[in-house]
Structure formats: structure tokens, C-alpha cells
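As C-alpha cells, the structure follows; a few thoughts come after it.
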Protein chains: 2
Amino acid sequence: MGDATEDDVATAFAPATVGNVAVGFDILGFALASPGDRVEVTRIDESTVRIAEITGVVTDLPTDATENTATAGLVELIDDLNLDFGFEVRIEKGIPLGSGMGGSAASAVASIVAADSLINRRLSRPELLHYALLGEAVATGEIHADNVTPCLFGGLTLTRSIDPVDIIEIPVPEQIRCAVVYPHRRVDTKRARQAIPDELPVAQFVEQSANLAGFIAGCYRGDLDLIGRSLEDVLIEAHRAPLVPGLTAVRRAADEAGVLGSSISGAGPTVFAWCRSAKSADLAAQQMADAFVAEGCDTSVWTGAISVNGAHLVEGLNRSTHFEGQIR
Amino acid sequence: MGDATEDDVATAFAPATVGNVAVGFDILGFALASPGDRVEVTRIDESTVRIAEITGVVTDLPTDATENTATAGLVELIDDLNLDFGFEVRIEKGIPLGSGMGGSAASAVASIVAADSLINRRLSRPELLHYALLGEAVATGEIHADNVTPCLFGGLTLTRSIDPVDIIEIPVPEQIRCAVVYPHRRVDTKRARQAIPDELPVAQFVEQSANLAGFIAGCYRGDLDLIGRSLEDVLIEAHRAPLVPGLTAVRRAADEAGVLGSSISGAGPTVFAWCRSAKSADLAAQQMADAFVAEGCDTSVWTGAISVNGAHLVEGLNRSTHFEGQIR
């Protein structure tokens with residue numbers, strides 16, 4: 001960090017997220033406790049954005065600041081606020097690329113949260129979202145907030161509208177634990193999007209809507225049975241299934257393990273499940289992973305509660321203790 | 001009622017209902033306090049169903065019991081339960097035909113609720129729903145529960161599934177008042193259904209889903225502003241608008257009156273609005289009615305809270321006082 005003083009450096013952690021959540025294509029997402037990306041931002045005299053380092057599970061990312069999801073928002077920020085200084089950025093990727101766990105969103109969110117700390121936290125929540133979305137748009141070519149929103153704010157979020165910003169935090173019953181299984185394959189987000197026809201049958205819409213409404217009601221009621229009956233994607237998943245090796249077997253394994261529901265996380269190939277307990281989530285993760293392995297895929301698994309915090313400042317990169325303070 | 005004793009006669013009132021509720025095509029509906037249909041059912045010795053009388057705002061209905069929405073369910077009931085007696089039915093229609101206010105559902109519900117009272121209320125809630133749906137199916141040719149469910153149970157209901165039955169009562173903020181304006185035109189339900197393409201754009205579905213989820217969340221939170229932002233149909237209404245004379249002007253009048261949201265009730269042509277207060281609902285009803293009149297349509301209007309009761313037994317047809325006891 002060279003000559004920079006402590007006030008000139010900030011590091012933020014932004015968690016992996018599950019977008020779509022089976023019944024809320026492009027509108028629902030939730031945050032995991034881990035994995036996640038860390039971004040260290042250092043104030044520099046020059047009014048520009050430099051990428052100093054990219055480490056972790058992904059390193060072959062653009063080093064041009066306007067093309068990297070972690071920095072595109074910062075470039076706009078400097079311009080919008082007419083800052084007479086700039087940012088040097090170190091990115092530590094914890095989320096695999098093309099895994100469907102919101103890796104590009106996490107880098108974008110971590111960098112804006114860290115940068116905001118260097119400008120006296122002057123950004124409002126909608127502004128933080130705005131700049132994070134600019135970063136995410138570099139990666140996907142389109143603006144979708146179902147990963148960025150829960151990554152930034154934590155919890156289970158409904159993005160009712162991006163313009164104007166209308167984000168609703170949906171309560172999650174506290175017993176809920178997630179199992180997330182990542183098969184070591186990469187799905188291109190654009191290809192996953194192209195797999196969905198432009199038009200779909202109204203009858204399927206109706207069924208999916210009923211599940212969405214049941215899921216939201218179940219969350220507010222704390223009704224795990226209702227969540228279990230509702231958490232099923234009848235609209236989108238079938239179109240993306242060919243991109244996820246062994247999806248049918250993995251989802252069957254999840255059902256046999258007694259999960260409330262499971263589906264592709266975001267564009268895939270990661271598959272998530274909601275479970276009634278930590279024990280159930282551990283069992284589901286193991287059996288889902290076994291099913292992927294049977295298809296010839298190595299896997300990584302994570303289990304745990306939904307993160308209520310979202311992105312937050314941490315002490316720094318590569319240190320053993322982290323300040324887990326919430327940014328809001 | 002001839003020689004029938006009091007225990008051999010029962011009368012039930014079933015309210016008009018608003019199906020779809022802008023954002024919940026085929027899955028959401030709510031009950032009004034009025035208008036409604038009344039059906040008097042008298043036990044007869046013969047194991048059959050006879051329609052003795054049809055009065056009120058609609059009289060040109062089938063008198064064959066298997067073809068009338070009020071009696072088709074009773075025919076099945078007698079068969080299923082091997083009853084050695086039957087029912088004579090008098091129907092007093094309060095809901096205009098083809099108005100979009102769930103008139104066929106109301107007749108089907110009122111008759112099964114009255115008949116259930118004559119068999120010692122032995123039918124469960126799912127069974128009541130089942131027989132009422134059989135009646136409704138006679139009218140529409142298909143089974144849709146978004147009118148029957150709130151008509152039977154009251155309130156705002158989500159029909160997540162019909163088979164198996166999965167009905168969720170969604171709480172409505174107590175301040176909410178409805179304005180319902182019926183232009184004296186008739187819309188054929190089947191034609192209204194045919195107006196909707198078999199497939200619709202995914203992008204519109206995403207937007208509608210976001211509104212549906214926001215609406216459900218707003219109801220649970222008691223957040224009228226969120227309800228106001230969410231209660232808009234971006235998926236179905238445009239396709240049915242040509243069937244409703246002056247819809248654009250009527251909805252504009254509603255917006256100018258400050259409603260939370262408005263849309264076609266069921267298949268139309270009735271238009272409903274949700275409002276923040278009784279005063280607001282009165283104003284909206286007046287201005288919406290004026291807009292219909294400007295299009296050359298006479299109107300009938302109703303305002304009031306959502307009925308929490310749904311269908312219930314009443315003292316009888318053509319009497320001045322009614323027993324307002326709830327059936328459940």
C-alpha cells in the first residue's frame with residue numbers, strides 16, 4: 001500500500017449471491033455468507049482508476065479499468081463527483097467465474113463499498129446500487145440487479161424496479177439454511193440468457209406466478225411447508241438444464257435429502273437448495289455433490305444461513321482477522 | 001317452500017369477487033361486500049336437483065340442473081354422497097352476467113354453502129371448493145379458482161394450486177377500500193380468454209412478477225405505498241382493453257382520483273380500484289363512472305372494504321333482515 005495512510009485505504013468483502021431463487025427470474029436474489037470477493041481500494045493522487053493486482057480463484061480478467069466489472073463503476077464515480085483524486089484497486093476473487101454465484105456483482109459491489117468509505121460514505125443506498133450496476137453491466141452487457149442488490153444489502157431481496165430503484169427486503173425464516181454446490185464447469189451468462197425463448201406460454205407464467213406469490217407469502221408467514229410447496233421453477237429451468245451437467249440427478253438428490261426446494265443458482269451451473277436446518281443442508285450438499293461427481297464433475301460446496309449483512313468493510317486483504325462491521 | 005320445515009331450507013349469500021387483481025392473473029381474487037347472489041336450497045324427497053325459480057338481475061339462465069352453474073355441483077354432490085334425497089333451488093341473481101364480477105362463481109358457491117347446511121355441514125373447505133368449482137366449470141368450460149376461492153372464503157386469496165388444493169389468505173391492510181364500476185356491457189369470458197395470446201414476452205412477465213411480488217409483500221407489510229407502486233397489470237390488460245369501452249379514460253380517471261391502482265375486474269368490463277380510504281374510493285368510483293358515461297355507458301358502482309366473510313348463510317330470500325353469521 002506504499003505511502004498511503006490508513007484513511008487512504010479501505011477493503012470490502014462482498015458475498016456470493018444466488019439470483020432468480022427458482023421462482024423470481026431476474027427479480028429475486030439472496031446473499032451467502034461465503035464465498036465472496038474482496039477488493040482493496042487505495043486513494044491515489046491521479047484522477048484515474050488503476051488495477052494493481054488480481055488474485056484468487058480468477059486472475060485472467062481485464063486490466064483496463066473501464067472493462068473490469070470491479071472498476072467500471074469507480075471510473076464513473078470519479079467523473080460524476082469531479083474527484084481530483086483516483087483509486088488503485090486490488091481484487092481478490094473468491095467466487096469462480098461463470099459459476100452462477102454472482103462473482104461479477106460481488107467485485108463491483110466490493111469496490112464501490114470500499115471506495116465509498118474513502119469519500120466519507122457520501123453515497124446513498126440507491127447511489128451505491130447505481131455504481132455497482134454499472135460494473136455488473138460491463139460483465140453481462142445488460143443491467144440485472146438480482147445479484148447486485150442482495151450482494152450489497154444482504155438478505156433476500158426483491159428488485160421490484162431498477163429505474164426508479166425499488167428494493168424490498170423479504171424476511172427469511174431464521175431456520176432456513178442453504179446448500180450451494182458448484183460443479184467445476186463454467187456457464188457463459190449470455191449463453192444462458194439466450195437459452196430462454198423470447199416468449200413463453202401464459203399457462204407456465206400462471207403456474208410460476210402462483211409459486212412466486214406462495215413463496216413470498218411463505219417467507220412473511222414463516223411457513224416452511226408453504227415455502228416448500230412453492231419453491232419450484234416451472235418456467236425457466238428447463239431451458240437452461242442442458243447447460244448444467246446432471247441437473248436432473250442433482251435435483252433428485254436434493255429432493256431425496258428432504259430440501260424445501262432447489263434450482264439453478266443464477267445462470268448456473270451452481271445449484272442451490274433451501275433446507276429446514278443446518279443438518280438437512282449438510283446432508284443435501286453432500287448428496288447433491290455426489291450426484292455431480294457421478295456425472296464426472298468435481299464440486300465445491302458451501303452451506304449456511306443467508307447472510308443478513310451483505311457487503312461490508314473488512315480489515316484488509318490477506319490478513320487473518322477481519323472487522324465484520326456492517327457498512328450501513 | 002311448501003311443506004318443508006325450517007331445517008329443510010337454507011339460504012346462502014355469496015359475494016361478487018374481483019379476479020386477477022391486476023397482478024395475479026388466474027391466481028388472485030378478493031371478495032366484495034356487495035353485490036352478490038342468493039340461493040335458497042330446499043330438501044326434497046326425490047334424489048335429484050330441480051331449479052324452481054331464477055329471479056333478480058339475470059333470469060335467462062339454463063334450467064337444466066346439470067347445465068346451470070348454481071346446480072351442477074349439487075348434482076355431483078348427491079351422486080358422490082349417495083344421498084337418498086335431493087334439492088330444489090331458487091336463485092336470486094344480484095350480479096350481472098358477463099360483468100367480470102364472478103357471478104357464476106357466486107351462484108355456484110351460494111348453492112353449495114346452502115346445501116352443505118342441509119347435510120349437517122359435513123363438507124370440508126376443500127370439498128366446498130371442489131363442488132363450487134364444478135359449478136363454475138359449467139359456465140366457463142375451464143376450472144379457474146380465482147373467483148370461487150375468495151367468494152367462498154372471503155378476503156384476498158391466492159390460489160397457489162387447485163389440485164391439490166392450496167389456498168393462501170393474503171392479509172389486506174385494513175384501510176383499503178375498493179371502488180368497483182360496472183359499465184352496462186357484457187363481456188364473454190371465453191372471448192376475453194381468447195384475447196390473450198398463448199405466449200407472451202418473458203420481459204413483460206418479469207415486470208409483472210416484480211409487481212406481483214411487490215404487491216404480496218406490500219399486503220404483508222401493510223405498506224400502501226408499495227401496494228400503490230406494484231398494483232399495475234403490464235401483462236394481460238392491454239390484450240383485453242379492446243373489450244372494455246373507454247378503459248384508458250377510466251383508468252386515467254382512477255389515477256387522477258388518487259387510487260393505489262386499478263385494472264379490469266376478471267374478464268371485464270367492470271373496473272376496480274384499490275384506494276387509501278372510503279373517501280378516496282367514493283371519489284374514484286364517481287370519476288371512473290363519469291368516464292364510462294362519457295363513453296356512452298351507463299354504470300353501476302359499489303364501494304367498500306374487502307369482505308372478510310365470503311359466502312354465508314342468511315335468513316332467506318326476499319326478507320328484510322339477514323342473519324350475517326359466518327359459515328366457518
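Chain labels A, B, ... are given in the sequence in which chains occur in the C-alpha cells; within each chain residues are numbered consecutively from 1, and ligands are likewise numbered from 1 in the order shown.
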Point to revise | Sel. of alpha helix (DSSP H) residues, stretch 3-102 of chain B, as a list in words | key: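 Put together, the selection reads Ala72, Gly73, Leu74, Val75, Glu76, Leu77, Ile78, Asp79, Asp80 and Leu81 of chain B.
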File dump, residues just selected, N, CA, C and O atoms, as a PDB file, in the first residue's frame:
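See selection_8.pdb below for the written result:
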ATOM      1  N   ALA B  72     -74.911 -27.536 -10.877  1.00  0.00           N
ATOM      2  CA  ALA B  72     -74.081 -28.637 -11.386  1.00  0.00           C
ATOM      3  C   ALA B  72     -73.316 -29.317 -10.254  1.00  0.00           C
ATOM      4  O   ALA B  72     -73.182 -30.547 -10.222  1.00  0.00           O
ATOM      5  N   GLY B  73     -72.827 -28.524  -9.309  1.00  0.00           N
ATOM      6  CA  GLY B  73     -72.101 -29.104  -8.177  1.00  0.00           C
ATOM      7  C   GLY B  73     -73.003 -29.936  -7.284  1.00  0.00           C
ATOM      8  O   GLY B  73     -72.580 -30.971  -6.749  1.00  0.00           O
ATOM      9  N   LEU B  74     -74.268 -29.514  -7.146  1.00  0.00           N
ATOM     10  CA  LEU B  74     -75.207 -30.257  -6.298  1.00  0.00           C
ATOM     11  C   LEU B  74     -75.528 -31.623  -6.896  1.00  0.00           C
ATOM     12  O   LEU B  74     -75.710 -32.600  -6.167  1.00  0.00           O
ATOM     13  N   VAL B  75     -75.613 -31.675  -8.224  1.00  0.00           N
ATOM     14  CA  VAL B  75     -75.868 -32.944  -8.900  1.00  0.00           C
ATOM     15  C   VAL B  75     -74.755 -33.933  -8.564  1.00  0.00           C
ATOM     16  O   VAL B  75     -75.009 -35.095  -8.216  1.00  0.00           O
ATOM     17  N   GLU B  76     -73.537 -33.462  -8.626  1.00  0.00           N
ATOM     18  CA  GLU B  76     -72.393 -34.312  -8.288  1.00  0.00           C
ATOM     19  C   GLU B  76     -72.401 -34.699  -6.816  1.00  0.00           C
ATOM     20  O   GLU B  76     -72.070 -35.826  -6.449  1.00  0.00           O
ATOM     21  N   LEU B  77     -72.782 -33.742  -5.983  1.00  0.00           N
ATOM     22  CA  LEU B  77     -72.800 -33.976  -4.534  1.00  0.00           C
ATOM     23  C   LEU B  77     -73.729 -35.136  -4.181  1.00  0.00           C
ATOM     24  O   LEU B  77     -73.368 -36.030  -3.404  1.00  0.00           O
ATOM     25  N   ILE B  78     -74.925 -35.097  -4.754  1.00  0.00           N
ATOM     26  CA  ILE B  78     -75.901 -36.164  -4.494  1.00  0.00           C
ATOM     27  C   ILE B  78     -75.341 -37.516  -4.907  1.00  0.00           C
ATOM     28  O   ILE B  78     -75.450 -38.510  -4.185  1.00  0.00           O
ATOM     29  N   ASP B  79     -74.678 -37.503  -6.053  1.00  0.00           N
ATOM     30  CA  ASP B  79     -74.102 -38.738  -6.568  1.00  0.00           C
ATOM     31  C   ASP B  79     -72.962 -39.226  -5.670  1.00  0.00           C
ATOM     32  O   ASP B  79     -72.928 -40.389  -5.258  1.00  0.00           O
ATOM     33  N   ASP B  80     -72.052 -38.313  -5.331  1.00  0.00           N
ATOM     34  CA  ASP B  80     -70.877 -38.698  -4.539  1.00  0.00           C
ATOM     35  C   ASP B  80     -71.271 -39.232  -3.160  1.00  0.00           C
ATOM     36  O   ASP B  80     -70.661 -40.170  -2.648  1.00  0.00           O
ATOM     37  N   LEU B  81     -72.270 -38.597  -2.549  1.00  0.00           N
ATOM     38  CA  LEU B  81     -72.644 -38.969  -1.183  1.00  0.00           C
ATOM     39  C   LEU B  81     -73.778 -40.004  -1.162  1.00  0.00           C
ATOM     40  O   LEU B  81     -74.240 -40.396  -0.088  1.00  0.00           O
TER      41      LEU B  81
END
Practice item. Mind the document's chain letters and residue numbers, and return as a PyMOL selection string the residues of stretch 78-276 of chain A that DSSP labels strand (DSSP E). Key: chain A and resi 86-93+156-161+166-170+177-183+199-201+261-264+271-275
Within 7 Å of A:Ile27, counting only C-alpha atoms, which residues show up once you throw out same-chain ones fewer than 5 positions away? Write them as an mmCIF file with all heavy atoms, in the first residue's frame, please.
data_model
loop_
_atom_site.group_PDB
_atom_site.id
_atom_site.type_symbol
_atom_site.label_atom_id
_atom_site.label_comp_id
_atom_site.auth_asym_id
_atom_site.auth_seq_id
_atom_site.Cartn_x
_atom_site.Cartn_y
_atom_site.Cartn_z
ATOM 1 N N ASN A 20 -32.304 -15.301 -9.009
ATOM 2 C CA ASN A 20 -33.533 -15.960 -9.515
ATOM 3 C C ASN A 20 -34.296 -16.703 -8.403
ATOM 4 O O ASN A 20 -35.503 -16.592 -8.323
ATOM 5 C CB ASN A 20 -33.258 -16.917 -10.679
ATOM 6 C CG ASN A 20 -32.660 -16.209 -11.881
ATOM 7 O OD1 ASN A 20 -32.727 -14.983 -11.989
ATOM 8 N ND2 ASN A 20 -32.062 -16.951 -12.779
ATOM 9 N N ASP A 146 -30.571 -8.665 -9.790
ATOM 10 C CA ASP A 146 -30.932 -9.710 -8.830
ATOM 11 C C ASP A 146 -29.734 -10.261 -8.066
ATOM 12 O O ASP A 146 -29.909 -10.853 -7.001
ATOM 13 C CB ASP A 146 -31.764 -10.827 -9.481
ATOM 14 C CG ASP A 146 -31.139 -11.398 -10.738
ATOM 15 O OD1 ASP A 146 -30.355 -10.694 -11.390
ATOM 16 O OD2 ASP A 146 -31.439 -12.547 -11.065
ATOM 17 N N LEU A 158 -36.051 -8.431 -3.168
ATOM 18 C CA LEU A 158 -36.870 -8.316 -4.364
ATOM 19 C C LEU A 158 -36.505 -6.998 -5.039
ATOM 20 O O LEU A 158 -36.610 -5.942 -4.421
ATOM 21 C CB LEU A 158 -38.352 -8.307 -3.980
ATOM 22 C CG LEU A 158 -39.334 -7.798 -5.049
ATOM 23 C CD1 LEU A 158 -39.369 -8.730 -6.255
ATOM 24 C CD2 LEU A 158 -40.733 -7.634 -4.447
ATOM 25 N N THR A 159 -36.058 -7.091 -6.281
ATOM 26 C CA THR A 159 -35.819 -5.868 -7.047
ATOM 27 C C THR A 159 -37.073 -5.614 -7.865
ATOM 28 O O THR A 159 -37.246 -6.148 -8.947
ATOM 29 C CB THR A 159 -34.601 -6.032 -7.973
ATOM 30 O OG1 THR A 159 -33.478 -6.436 -7.192
ATOM 31 C CG2 THR A 159 -34.275 -4.716 -8.666
ATOM 32 N N ARG A 160 -37.980 -4.788 -7.286
ATOM 33 C CA ARG A 160 -39.232 -4.542 -7.998
ATOM 34 C C ARG A 160 -38.995 -3.679 -9.218
ATOM 35 O O ARG A 160 -39.658 -3.811 -10.243
ATOM 36 C CB ARG A 160 -40.274 -3.893 -7.085
ATOM 37 C CG ARG A 160 -41.723 -4.105 -7.584
ATOM 38 C CD ARG A 160 -42.692 -3.130 -6.989
ATOM 39 N NE ARG A 160 -42.364 -1.762 -7.291
ATOM 40 C CZ ARG A 160 -42.634 -1.151 -8.449
ATOM 41 N NH1 ARG A 160 -43.256 -1.781 -9.420
ATOM 42 N NH2 ARG A 160 -42.263 0.101 -8.637
ATOM 43 N N ALA B 210 -42.452 -8.938 -10.792
ATOM 44 C CA ALA B 210 -41.914 -7.982 -9.815
ATOM 45 C C ALA B 210 -43.065 -7.242 -9.136
ATOM 46 O O ALA B 210 -43.048 -7.011 -7.917
ATOM 47 C CB ALA B 210 -40.969 -7.000 -10.501
#
Point to revise | Polymer residues at most 7 Å from B:Ala213, only C-alpha atoms, same-chain spacing of 6 or more positions, as a ChimeraX atom specification | key: /A:212-213,216
Write to file, as a JSON list (two decimals), in the first residue's frame, the residues of the selection just made, with N, CA and C atoms.
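Writing done, so here's part.json:
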[["chain", "number", "residue", "atom", "x", "y", "z"],
["A", 212, "LEU", "N", -44.40, -18.05, -7.08],
["A", 212, "LEU", "CA", -43.74, -16.84, -6.58],
["A", 212, "LEU", "C", -44.54, -16.22, -5.45],
["A", 213, "ALA", "N", -45.83, -16.05, -5.68],
["A", 213, "ALA", "CA", -46.67, -15.44, -4.65],
["A", 213, "ALA", "C", -46.71, -16.31, -3.40],
["A", 216, "ILE", "N", -43.33, -15.84, -1.52],
["A", 216, "ILE", "CA", -43.26, -14.57, -0.79],
["A", 216, "ILE", "C", -44.16, -14.65, 0.45]]
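Restricting the calculation to only C-alpha atoms, the smallest distance between chain B and any of A:Pro164, A:Pro62, A:Gly266, A:Gly154 is found for A:Pro164.
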Point to revise | Distance of atom CA of B:His130 from atom CA of B:Ala12, expressed in Å to one decimal place | key: 17.3 Å
